[in-house]
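What follows is the content of target-v8.pdb, which has PDB, C-alpha atoms, pLDDT in the B column:
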```
ATOM      1  CA  MET A 235     -10.337 -27.063 -80.021  1.00 83.00           C
ATOM      2  CA  PHE A 236      -8.461 -29.170 -77.529  1.00 89.00           C
ATOM      3  CA  GLU A 237     -11.241 -31.668 -76.915  1.00 92.00           C
ATOM      4  CA  PRO A 238     -10.005 -33.305 -73.692  1.00 95.00           C
ATOM      5  CA  LEU A 239     -10.149 -29.879 -72.044  1.00 97.00           C
ATOM      6  CA  THR A 240     -13.601 -29.163 -73.504  1.00 96.00           C
ATOM      7  CA  TRP A 241     -15.118 -32.381 -72.178  1.00 96.00           C
ATOM      8  CA  THR A 242     -13.345 -31.998 -68.819  1.00 97.00           C
ATOM      9  CA  LEU A 243     -14.930 -28.556 -68.486  1.00 98.00           C
ATOM     10  CA  VAL A 244     -18.347 -29.956 -69.388  1.00 98.00           C
ATOM     11  CA  ALA A 245     -17.991 -32.737 -66.792  1.00 98.00           C
ATOM     12  CA  LEU A 246     -16.658 -30.462 -64.027  1.00 98.00           C
ATOM     13  CA  SER A 247     -19.414 -27.889 -64.606  1.00 98.00           C
ATOM     14  CA  LEU A 248     -22.071 -30.593 -64.411  1.00 98.00           C
ATOM     15  CA  ILE A 249     -20.529 -31.925 -61.179  1.00 98.00           C
ATOM     16  CA  ALA A 250     -20.577 -28.380 -59.782  1.00 98.00           C
ATOM     17  CA  MET A 251     -24.196 -28.026 -60.874  1.00 98.00           C
ATOM     18  CA  VAL A 252     -25.243 -31.214 -59.069  1.00 98.00           C
ATOM     19  CA  PHE A 253     -23.281 -30.062 -56.004  1.00 98.00           C
ATOM     20  CA  ALA A 254     -25.112 -26.713 -56.065  1.00 98.00           C
ATOM     21  CA  ILE A 255     -28.499 -28.423 -56.444  1.00 98.00           C
ATOM     22  CA  VAL A 256     -27.736 -30.641 -53.440  1.00 98.00           C
ATOM     23  CA  LEU A 257     -26.856 -27.549 -51.382  1.00 97.00           C
ATOM     24  CA  ALA A 258     -30.072 -25.832 -52.485  1.00 97.00           C
ATOM     25  CA  VAL A 259     -32.211 -28.850 -51.642  1.00 97.00           C
ATOM     26  CA  ARG A 260     -30.578 -29.164 -48.223  1.00 97.00           C
ATOM     27  CA  ASP A 261     -31.065 -25.440 -47.688  1.00 96.00           C
ATOM     28  CA  GLN A 262     -27.334 -24.877 -47.246  1.00 94.00           C
ATOM     29  CA  ARG A 263     -25.189 -21.937 -48.284  1.00 94.00           C
ATOM     30  CA  ILE A 264     -22.603 -22.021 -51.052  1.00 96.00           C
ATOM     31  CA  ASN A 265     -19.389 -23.431 -49.570  1.00 95.00           C
ATOM     32  CA  TRP A 266     -15.665 -23.356 -50.320  1.00 97.00           C
ATOM     33  CA  THR A 267     -15.666 -26.825 -51.899  1.00 97.00           C
ATOM     34  CA  LEU A 268     -18.105 -25.641 -54.544  1.00 97.00           C
ATOM     35  CA  LEU A 269     -16.190 -22.408 -55.062  1.00 98.00           C
ATOM     36  CA  GLY A 270     -13.002 -24.484 -55.426  1.00 98.00           C
ATOM     37  CA  ILE A 271     -14.520 -26.598 -58.209  1.00 98.00           C
ATOM     38  CA  LEU A 272     -15.722 -23.432 -59.925  1.00 98.00           C
ATOM     39  CA  ALA A 273     -12.247 -21.902 -59.645  1.00 98.00           C
ATOM     40  CA  MET A 274     -10.867 -24.975 -61.457  1.00 98.00           C
ATOM     41  CA  VAL A 275     -13.508 -24.603 -64.175  1.00 98.00           C
ATOM     42  CA  GLU A 276     -12.659 -20.916 -64.535  1.00 98.00           C
ATOM     43  CA  ALA A 277      -8.931 -21.709 -64.810  1.00 98.00           C
ATOM     44  CA  GLY A 278      -9.780 -24.288 -67.483  1.00 98.00           C
ATOM     45  CA  LEU A 279     -11.901 -21.751 -69.362  1.00 98.00           C
ATOM     46  CA  LEU A 280      -9.050 -19.257 -69.284  1.00 98.00           C
ATOM     47  CA  THR A 281      -6.677 -21.922 -70.643  1.00 97.00           C
ATOM     48  CA  GLN A 282      -9.241 -22.662 -73.335  1.00 97.00           C
ATOM     49  CA  VAL A 283      -9.258 -19.026 -74.447  1.00 97.00           C
ATOM     50  CA  VAL A 284      -5.482 -19.130 -74.982  1.00 97.00           C
ATOM     51  CA  ILE A 285      -5.509 -22.511 -76.735  1.00 96.00           C
ATOM     52  CA  GLY A 286      -8.626 -21.644 -78.734  1.00 95.00           C
ATOM     53  CA  ILE A 287      -7.263 -18.384 -80.111  1.00 95.00           C
ATOM     54  CA  ALA A 288      -3.908 -19.997 -80.919  1.00 95.00           C
ATOM     55  CA  GLN A 289      -5.628 -22.846 -82.768  1.00 94.00           C
ATOM     56  CA  LEU A 290      -7.968 -20.473 -84.568  1.00 93.00           C
ATOM     57  CA  ALA A 291      -4.973 -18.587 -85.919  1.00 92.00           C
ATOM     58  CA  GLU A 292      -3.532 -21.779 -87.402  1.00 91.00           C
ATOM     59  CA  THR A 293      -6.549 -23.767 -88.489  1.00 87.00           C
ATOM     60  CA  SER A 294      -7.577 -24.234 -92.103  1.00 85.00           C
ATOM     61  CA  ARG A 295     -11.121 -25.047 -90.981  1.00 83.00           C
ATOM     62  CA  ASP A 296     -13.965 -22.761 -91.955  1.00 83.00           C
ATOM     63  CA  VAL A 297     -14.580 -21.534 -88.419  1.00 84.00           C
ATOM     64  CA  SER A 298     -16.562 -18.356 -87.779  1.00 86.00           C
ATOM     65  CA  GLY A 299     -13.748 -16.601 -85.908  1.00 90.00           C
ATOM     66  CA  PRO A 300     -15.658 -13.682 -84.322  1.00 92.00           C
ATOM     67  CA  PHE A 301     -18.384 -15.972 -82.957  1.00 91.00           C
ATOM     68  CA  PHE A 302     -15.855 -18.510 -81.712  1.00 94.00           C
ATOM     69  CA  VAL A 303     -13.811 -15.879 -79.894  1.00 95.00           C
ATOM     70  CA  GLY A 304     -17.033 -14.312 -78.602  1.00 94.00           C
ATOM     71  CA  TYR A 305     -18.007 -17.603 -76.981  1.00 95.00           C
ATOM     72  CA  LEU A 306     -14.488 -18.161 -75.626  1.00 96.00           C
ATOM     73  CA  ILE A 307     -14.414 -14.771 -73.921  1.00 96.00           C
ATOM     74  CA  GLY A 308     -18.087 -14.756 -72.945  1.00 95.00           C
ATOM     75  CA  SER A 309     -17.594 -18.072 -71.142  1.00 97.00           C
ATOM     76  CA  LEU A 310     -15.205 -16.342 -68.718  1.00 97.00           C
ATOM     77  CA  LEU A 311     -17.911 -13.986 -67.439  1.00 97.00           C
ATOM     78  CA  ILE A 312     -20.589 -16.491 -66.447  1.00 98.00           C
ATOM     79  CA  LEU A 313     -19.142 -18.042 -63.297  1.00 98.00           C
ATOM     80  CA  PRO A 314     -17.644 -14.922 -61.624  1.00 98.00           C
ATOM     81  CA  LEU A 315     -20.866 -12.961 -62.179  1.00 97.00           C
ATOM     82  CA  GLY A 316     -22.964 -15.981 -61.209  1.00 97.00           C
ATOM     83  CA  VAL A 317     -21.002 -16.450 -57.975  1.00 98.00           C
ATOM     84  CA  LEU A 318     -21.320 -12.771 -57.008  1.00 97.00           C
ATOM     85  CA  TRP A 319     -25.035 -12.807 -57.762  1.00 97.00           C
ATOM     86  CA  ALA A 320     -25.578 -16.091 -55.890  1.00 97.00           C
ATOM     87  CA  LEU A 321     -23.549 -15.149 -52.801  1.00 96.00           C
ATOM     88  CA  ALA A 322     -25.651 -12.019 -52.291  1.00 95.00           C
ATOM     89  CA  GLU A 323     -28.698 -14.246 -51.707  1.00 95.00           C
ATOM     90  CA  LYS A 324     -29.081 -15.580 -48.191  1.00 92.00           C
ATOM     91  CA  SER A 325     -31.680 -18.232 -48.985  1.00 95.00           C
ATOM     92  CA  ARG A 326     -31.305 -21.594 -50.730  1.00 96.00           C
ATOM     93  CA  TRP A 327     -32.060 -19.856 -54.020  1.00 97.00           C
ATOM     94  CA  GLY A 328     -28.501 -18.570 -54.043  1.00 97.00           C
ATOM     95  CA  ALA A 329     -27.154 -22.096 -54.579  1.00 97.00           C
ATOM     96  CA  GLY A 330     -30.058 -22.684 -56.989  1.00 97.00           C
ATOM     97  CA  ALA A 331     -29.056 -19.709 -59.111  1.00 98.00           C
ATOM     98  CA  LEU A 332     -25.450 -20.900 -59.098  1.00 98.00           C
ATOM     99  CA  ALA A 333     -26.598 -24.312 -60.350  1.00 98.00           C
ATOM    100  CA  VAL A 334     -28.154 -22.589 -63.362  1.00 98.00           C
ATOM    101  CA  ALA A 335     -24.952 -20.616 -63.974  1.00 98.00           C
ATOM    102  CA  CYS A 336     -23.033 -23.940 -63.922  1.00 98.00           C
ATOM    103  CA  LEU A 337     -25.372 -25.344 -66.572  1.00 98.00           C
ATOM    104  CA  VAL A 338     -24.596 -22.429 -68.878  1.00 97.00           C
ATOM    105  CA  ILE A 339     -20.953 -23.569 -69.234  1.00 98.00           C
ATOM    106  CA  PRO A 340     -21.719 -26.954 -70.911  1.00 98.00           C
ATOM    107  CA  VAL A 341     -24.181 -25.174 -73.212  1.00 96.00           C
ATOM    108  CA  LEU A 342     -21.479 -22.707 -74.255  1.00 96.00           C
ATOM    109  CA  GLU A 343     -18.965 -25.536 -74.703  1.00 97.00           C
ATOM    110  CA  LEU A 344     -21.345 -27.401 -77.009  1.00 95.00           C
ATOM    111  CA  ARG A 345     -21.924 -24.211 -79.003  1.00 93.00           C
ATOM    112  CA  MET A 346     -18.184 -23.693 -79.343  1.00 94.00           C
ATOM    113  CA  TYR A 347     -17.750 -27.293 -80.417  1.00 94.00           C
ATOM    114  CA  GLU A 348     -20.491 -26.836 -83.039  1.00 92.00           C
ATOM    115  CA  ILE A 349     -18.859 -23.678 -84.367  1.00 92.00           C
ATOM    116  CA  TRP A 350     -15.433 -25.334 -84.423  1.00 93.00           C
ATOM    117  CA  THR A 351     -16.597 -28.467 -86.229  1.00 90.00           C
ATOM    118  CA  ALA A 352     -19.004 -26.685 -88.591  1.00 81.00           C
TER     119      ALA A 352
ATOM    120  CA  MET B1395     -48.092  -4.583 -51.326  1.00 55.00           C
ATOM    121  CA  THR B1396     -44.993  -6.685 -50.609  1.00 75.00           C
ATOM    122  CA  ASP B1397     -41.579  -5.130 -50.431  1.00 89.00           C
ATOM    123  CA  PRO B1398     -40.383  -4.530 -54.037  1.00 91.00           C
ATOM    124  CA  GLU B1399     -37.052  -6.024 -52.893  1.00 92.00           C
ATOM    125  CA  ALA B1400     -38.776  -9.412 -52.999  1.00 94.00           C
ATOM    126  CA  THR B1401     -38.465  -9.267 -56.801  1.00 96.00           C
ATOM    127  CA  ARG B1402     -34.773 -10.139 -56.639  1.00 96.00           C
ATOM    128  CA  HIS B1403     -34.896 -12.753 -53.923  1.00 96.00           C
ATOM    129  CA  GLY B1404     -36.047 -16.348 -53.784  1.00 96.00           C
ATOM    130  CA  PRO B1405     -36.881 -17.830 -57.202  1.00 96.00           C
ATOM    131  CA  GLY B1406     -36.319 -14.334 -58.604  1.00 97.00           C
ATOM    132  CA  ARG B1407     -32.611 -14.979 -58.098  1.00 97.00           C
ATOM    133  CA  ILE B1408     -32.709 -17.685 -60.765  1.00 97.00           C
ATOM    134  CA  LEU B1409     -35.016 -15.735 -63.066  1.00 98.00           C
ATOM    135  CA  ILE B1410     -32.726 -12.701 -63.040  1.00 98.00           C
ATOM    136  CA  LEU B1411     -29.646 -14.860 -63.582  1.00 98.00           C
ATOM    137  CA  VAL B1412     -31.248 -16.365 -66.685  1.00 98.00           C
ATOM    138  CA  TYR B1413     -32.177 -12.866 -67.867  1.00 98.00           C
ATOM    139  CA  GLY B1414     -28.561 -11.841 -67.348  1.00 97.00           C
ATOM    140  CA  VAL B1415     -27.299 -14.765 -69.407  1.00 97.00           C
ATOM    141  CA  PHE B1416     -29.650 -13.794 -72.233  1.00 96.00           C
ATOM    142  CA  ALA B1417     -28.634 -10.142 -71.955  1.00 97.00           C
ATOM    143  CA  LEU B1418     -25.013 -11.236 -72.370  1.00 96.00           C
ATOM    144  CA  ALA B1419     -25.797 -13.708 -75.167  1.00 93.00           C
ATOM    145  CA  ALA B1420     -27.998 -11.309 -77.130  1.00 93.00           C
ATOM    146  CA  THR B1421     -25.576  -8.411 -76.738  1.00 95.00           C
ATOM    147  CA  SER B1422     -22.565 -10.455 -77.884  1.00 93.00           C
ATOM    148  CA  ARG B1423     -24.480 -11.977 -80.782  1.00 91.00           C
ATOM    149  CA  ALA B1424     -25.795  -8.628 -82.003  1.00 93.00           C
ATOM    150  CA  GLY B1425     -22.372  -7.035 -81.522  1.00 93.00           C
ATOM    151  CA  VAL B1426     -20.600  -9.660 -83.628  1.00 92.00           C
ATOM    152  CA  GLN B1427     -23.313  -9.655 -86.304  1.00 90.00           C
ATOM    153  CA  ILE B1428     -23.363  -5.888 -86.685  1.00 92.00           C
ATOM    154  CA  ALA B1429     -19.595  -5.527 -86.551  1.00 92.00           C
ATOM    155  CA  THR B1430     -18.758  -8.282 -89.027  1.00 90.00           C
ATOM    156  CA  LYS B1431     -21.591  -8.794 -91.512  1.00 87.00           C
ATOM    157  CA  PHE B1432     -24.265  -6.166 -91.091  1.00 87.00           C
ATOM    158  CA  ASP B1433     -24.975  -6.023 -94.857  1.00 87.00           C
ATOM    159  CA  GLU B1434     -26.021  -9.678 -95.041  1.00 84.00           C
ATOM    160  CA  ALA B1435     -29.249  -9.261 -93.090  1.00 81.00           C
ATOM    161  CA  PRO B1436     -29.652  -5.739 -91.730  1.00 86.00           C
ATOM    162  CA  ILE B1437     -33.245  -6.253 -90.529  1.00 83.00           C
ATOM    163  CA  ALA B1438     -32.394  -9.374 -88.543  1.00 83.00           C
ATOM    164  CA  TYR B1439     -29.305  -7.774 -87.011  1.00 88.00           C
ATOM    165  CA  VAL B1440     -31.086  -4.589 -86.000  1.00 90.00           C
ATOM    166  CA  LEU B1441     -33.765  -6.740 -84.351  1.00 88.00           C
ATOM    167  CA  SER B1442     -30.983  -8.716 -82.711  1.00 89.00           C
ATOM    168  CA  ALA B1443     -29.703  -5.461 -81.214  1.00 93.00           C
ATOM    169  CA  VAL B1444     -33.209  -4.472 -80.095  1.00 94.00           C
ATOM    170  CA  ALA B1445     -33.544  -7.843 -78.347  1.00 94.00           C
ATOM    171  CA  ALA B1446     -30.220  -7.228 -76.622  1.00 96.00           C
ATOM    172  CA  VAL B1447     -31.366  -3.838 -75.327  1.00 97.00           C
ATOM    173  CA  ILE B1448     -34.632  -5.322 -74.049  1.00 97.00           C
ATOM    174  CA  TYR B1449     -32.849  -8.149 -72.218  1.00 97.00           C
ATOM    175  CA  CYS B1450     -30.388  -5.725 -70.630  1.00 98.00           C
ATOM    176  CA  ALA B1451     -33.226  -3.409 -69.547  1.00 98.00           C
ATOM    177  CA  ALA B1452     -35.249  -6.296 -68.091  1.00 98.00           C
ATOM    178  CA  THR B1453     -32.214  -7.716 -66.270  1.00 98.00           C
ATOM    179  CA  PHE B1454     -31.198  -4.449 -64.626  1.00 97.00           C
ATOM    180  CA  ALA B1455     -34.771  -3.408 -63.835  1.00 98.00           C
ATOM    181  CA  LEU B1456     -35.564  -6.759 -62.206  1.00 97.00           C
ATOM    182  CA  ALA B1457     -32.274  -6.761 -60.301  1.00 97.00           C
ATOM    183  CA  LYS B1458     -32.749  -3.206 -59.038  1.00 96.00           C
ATOM    184  CA  ALA B1459     -36.106  -4.256 -57.592  1.00 95.00           C
ATOM    185  CA  THR B1460     -37.614  -0.883 -56.697  1.00 96.00           C
ATOM    186  CA  LYS B1461     -41.204   0.169 -57.263  1.00 95.00           C
ATOM    187  CA  ILE B1462     -40.280   2.141 -60.352  1.00 96.00           C
ATOM    188  CA  SER B1463     -37.820  -0.383 -61.770  1.00 96.00           C
ATOM    189  CA  ARG B1464     -40.491  -3.070 -61.477  1.00 97.00           C
ATOM    190  CA  ARG B1465     -42.645  -1.020 -63.857  1.00 97.00           C
ATOM    191  CA  VAL B1466     -39.725  -0.643 -66.248  1.00 97.00           C
ATOM    192  CA  ALA B1467     -39.214  -4.411 -66.039  1.00 98.00           C
ATOM    193  CA  ALA B1468     -42.900  -5.056 -66.776  1.00 98.00           C
ATOM    194  CA  VAL B1469     -42.763  -2.875 -69.899  1.00 98.00           C
ATOM    195  CA  ALA B1470     -39.502  -4.470 -71.066  1.00 98.00           C
ATOM    196  CA  ILE B1471     -40.879  -7.969 -70.554  1.00 98.00           C
ATOM    197  CA  VAL B1472     -44.124  -7.223 -72.406  1.00 98.00           C
ATOM    198  CA  VAL B1473     -42.071  -5.864 -75.325  1.00 97.00           C
ATOM    199  CA  GLU B1474     -39.921  -9.002 -75.082  1.00 96.00           C
ATOM    200  CA  LEU B1475     -42.993 -11.235 -75.295  1.00 97.00           C
ATOM    201  CA  ILE B1476     -44.337  -9.322 -78.286  1.00 96.00           C
ATOM    202  CA  GLY B1477     -40.870  -9.490 -79.836  1.00 93.00           C
ATOM    203  CA  VAL B1478     -40.367 -13.201 -79.478  1.00 93.00           C
ATOM    204  CA  VAL B1479     -43.865 -14.033 -80.731  1.00 94.00           C
ATOM    205  CA  GLY B1480     -43.797 -11.441 -83.529  1.00 92.00           C
ATOM    206  CA  ILE B1481     -40.281 -12.138 -84.759  1.00 89.00           C
ATOM    207  CA  GLY B1482     -40.794 -15.851 -84.212  1.00 90.00           C
ATOM    208  CA  ALA B1483     -43.777 -15.801 -86.557  1.00 91.00           C
ATOM    209  CA  PHE B1484     -42.126 -13.413 -89.019  1.00 87.00           C
ATOM    210  CA  SER B1485     -39.006 -15.580 -89.251  1.00 85.00           C
ATOM    211  CA  TYR B1486     -41.153 -18.487 -90.422  1.00 87.00           C
ATOM    212  CA  ALA B1487     -43.089 -16.264 -92.840  1.00 88.00           C
ATOM    213  CA  ALA B1488     -40.003 -14.602 -94.360  1.00 83.00           C
ATOM    214  CA  PRO B1489     -37.037 -16.920 -93.778  1.00 78.00           C
ATOM    215  CA  ASP B1490     -34.960 -15.089 -96.393  1.00 77.00           C
ATOM    216  CA  ASP B1491     -34.684 -12.079 -94.108  1.00 70.00           C
ATOM    217  CA  PHE B1492     -33.304 -14.290 -91.354  1.00 67.00           C
ATOM    218  CA  PRO B1493     -30.412 -16.276 -92.844  1.00 59.00           C
ATOM    219  CA  ASP B1494     -28.686 -16.176 -89.482  1.00 62.00           C
ATOM    220  CA  ALA B1495     -30.614 -16.871 -86.306  1.00 68.00           C
ATOM    221  CA  THR B1496     -31.422 -13.998 -83.958  1.00 79.00           C
ATOM    222  CA  VAL B1497     -32.250 -14.807 -80.358  1.00 85.00           C
ATOM    223  CA  TRP B1498     -35.951 -14.531 -81.149  1.00 89.00           C
ATOM    224  CA  SER B1499     -36.198 -16.146 -84.583  1.00 87.00           C
ATOM    225  CA  HIS B1500     -38.205 -19.356 -84.741  1.00 89.00           C
ATOM    226  CA  PHE B1501     -39.524 -18.539 -81.263  1.00 90.00           C
ATOM    227  CA  GLY B1502     -36.059 -18.931 -79.762  1.00 90.00           C
ATOM    228  CA  GLN B1503     -35.553 -22.452 -81.097  1.00 88.00           C
ATOM    229  CA  GLY B1504     -31.772 -22.009 -81.197  1.00 86.00           C
ATOM    230  CA  TYR B1505     -31.895 -21.321 -77.464  1.00 90.00           C
ATOM    231  CA  GLY B1506     -34.074 -24.242 -76.445  1.00 90.00           C
ATOM    232  CA  PHE B1507     -37.206 -22.065 -76.642  1.00 93.00           C
ATOM    233  CA  VAL B1508     -36.131 -20.422 -73.388  1.00 95.00           C
ATOM    234  CA  PRO B1509     -36.761 -16.971 -74.976  1.00 95.00           C
ATOM    235  CA  LEU B1510     -40.427 -17.928 -75.349  1.00 96.00           C
ATOM    236  CA  VAL B1511     -40.848 -19.157 -71.771  1.00 97.00           C
ATOM    237  CA  LEU B1512     -38.777 -16.454 -70.074  1.00 97.00           C
ATOM    238  CA  PRO B1513     -41.132 -13.463 -70.562  1.00 97.00           C
ATOM    239  CA  VAL B1514     -44.086 -15.540 -69.330  1.00 98.00           C
ATOM    240  CA  LEU B1515     -42.171 -16.512 -66.190  1.00 98.00           C
ATOM    241  CA  GLY B1516     -41.054 -12.897 -65.817  1.00 98.00           C
ATOM    242  CA  LEU B1517     -44.617 -11.575 -65.864  1.00 98.00           C
ATOM    243  CA  VAL B1518     -45.825 -14.318 -63.515  1.00 98.00           C
ATOM    244  CA  TRP B1519     -43.009 -13.472 -61.114  1.00 97.00           C
ATOM    245  CA  LEU B1520     -43.740  -9.727 -61.223  1.00 97.00           C
ATOM    246  CA  ARG B1521     -47.365 -10.504 -60.460  1.00 96.00           C
ATOM    247  CA  ARG B1522     -46.550 -12.878 -57.616  1.00 95.00           C
ATOM    248  CA  THR B1523     -44.282 -10.334 -55.954  1.00 94.00           C
ATOM    249  CA  SER B1524     -46.689  -7.395 -56.290  1.00 89.00           C
TER     250      SER B1524
END
```
Give the structure from this file in structure tokens form.
Amino acid sequence: MFEPLTWTLVALSLIAMVFAIVLAVRDQRINWTLLGILAMVEAGLLTQVVIGIAQLAETSRDVSGPFFVGYLIGSLLILPLGVLWALAEKSRWGAGALAVACLVIPVLELRMYEIWTA
Amino acid sequence: MTDPEATRHGPGRILILVYGVFALAATSRAGVQIATKFDEAPIAYVLSAVAAVIYCAATFALAKATKISRRVAAVAIVVELIGVVGIGAFSYAAPDDFPDATVWSHFGQGYGFVPLVLPVLGLVWLRRTS
């Protein structure tokens, strides 16, 4: 794993989560700034898939390949689906749901890190 | 009775999102386990797949939010609760059958015990919106 990218993704997702919580508390809708941060996270996740699979092919570590790739690809689905689901809600709970989706990314990153360093 | 639509709005938005994440997690986990090493622990992996089906059913039924789908959701969530408690207990009693964690083994410990809390919240939410 390319760790600087991993930890950047963790940090950005947590920033996005706090942003979403603030919107929910203030009873505001999801805005373009938040969607912009999430687009950066998604681009990072996509980059991570490419780097991750390339590194997996070369590593001599005892990494569980199918699980690692499963997490890499699964991580791509969370934010797009979360955004669609959250935008369809007109109340503050839309931003609240998106905050939870943001929290899923660091959890997945930690799992990937565990699998990679196992 | 309130509009069944209420099931997927408000706090239900978060509940269903979490259900969706578990549907995705359980389905991927079961898929990888069954495809790559089914022979190692067939019982655990079949139960893993059952958990995946239950989570998917609960997610879609809650998200559809009609009178009928709410009943489907209630059944799925009760099965989920029985599953997480039953398999949780069984995985402590017979650890050899569970060399590799399923979503429900050890009461969902590998998932921060969310699998144990989720069905309770699900039933409370169905009740509050009925």
Pick the closest to chain B from A:Pro238, A:Gly316, A:Gly278, A:Pro340: which is it, counting all atoms listed in the file? A:Gly316
Once the PyMOL selection byres ((chain A and resi 241-258) around 8) is applied to the coordinates I shared, what remains selected? I want it as a list in words. Glu237, Pro238, Leu239, Thr240, Val259, Arg260, Asp261, Gln262, Arg263, Ile264, Leu268, Ile271, Leu272, Val275, Gly278, Leu279, Arg326, Trp327, Gly328, Ala329, Gly330, Leu332, Ala333, Val334, Cys336, Leu337, Ile339, Pro340 and Glu343 of chain A
Answer key for the ChimeraX specification (/B :<12) & /A, residues as a PyMOL selection string: chain A and resi 258+298-313+315-339+341-342+345
Between CA of Arg1522 (chain B) and CA of Thr1460 (chain B) - distance in Å to one decimal: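 Those two atoms sit 15.0 Å apart.
For the pair CA of Gly1516 (chain B) and CA of Leu344 (chain A), the separation is 26.9 Å.
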So which one's closest to Gly1480 (chain B), B:Phe1454, B:Phe1507, B:Leu1441, B:Leu1512? Using all atoms listed in the file, please. B:Leu1441
Which distance in Å separates CA of Val1508 (chain B) and CA of Ile1481 (chain B), to one decimal?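 Answer for the CA of Val1508 (chain B) to CA of Ile1481 (chain B) separation: 14.7 Å.
Distances from A:Asn265, A:Val297, A:Ala277, A:Pro314 to Ile349 (chain A) were compared using all atoms listed in the file, and the smallest one belongs to A:Val297.
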Polymer residues at most 8 Å from region 1446-1453 of chain B, all atoms listed in the file, same-chain spacing of 3 or more positions, as a list in words: Ile1410, Tyr1413, Gly1414, Phe1416, Ala1417, Leu1418, Ala1419, Ala1420, Thr1421, Ala1424, Ser1442, Ala1443, Leu1456, Ala1457, Val1466, Ala1467, Ala1468, Ala1470, Ile1471, Val1473 and Glu1474 of chain B
Would you write out, as a list in words, every residue that the PyMOL selection byres ((chain B and resi 1523) around 7) captures in this file?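 Applied to this file, the PyMOL selection byres ((chain B and resi 1523) around 7) returns Thr1396, Ala1400, Thr1401, Trp1519, Leu1520, Arg1521, Arg1522 and Ser1524 of chain B.
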Taking all atoms of region 326-339 of chain A that the file lists and extending 3 Å past them on each side, where is the centre of the axis-aligned box and how long are its edges? Answer in Å to one decimal, as lines of an AutoDock Vina configuration file.
```
center_x = -26.5
center_y = -22.0
center_z = -60.0
size_x = 17.1
size_y = 12.8
size_z = 24.5
```
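The protein and nucleic acid residues lying at most 12 Å from Ala1438 (chain B) are Arg1423, Ala1424, Gln1427, Ile1428, Lys1431, Phe1432, Asp1433, Glu1434, Ser1442, Ala1443, Val1444, Ala1445, Ile1481, Gly1482, Phe1484, Ser1485, Ala1488, Pro1489, Asp1490, Asp1491, Phe1492, Pro1493, Asp1494, Ala1495, Thr1496, Val1497, Trp1498 and Ser1499 of chain B, with all atoms listed in the file considered and sequence neighbours fewer than 4 positions away removed.
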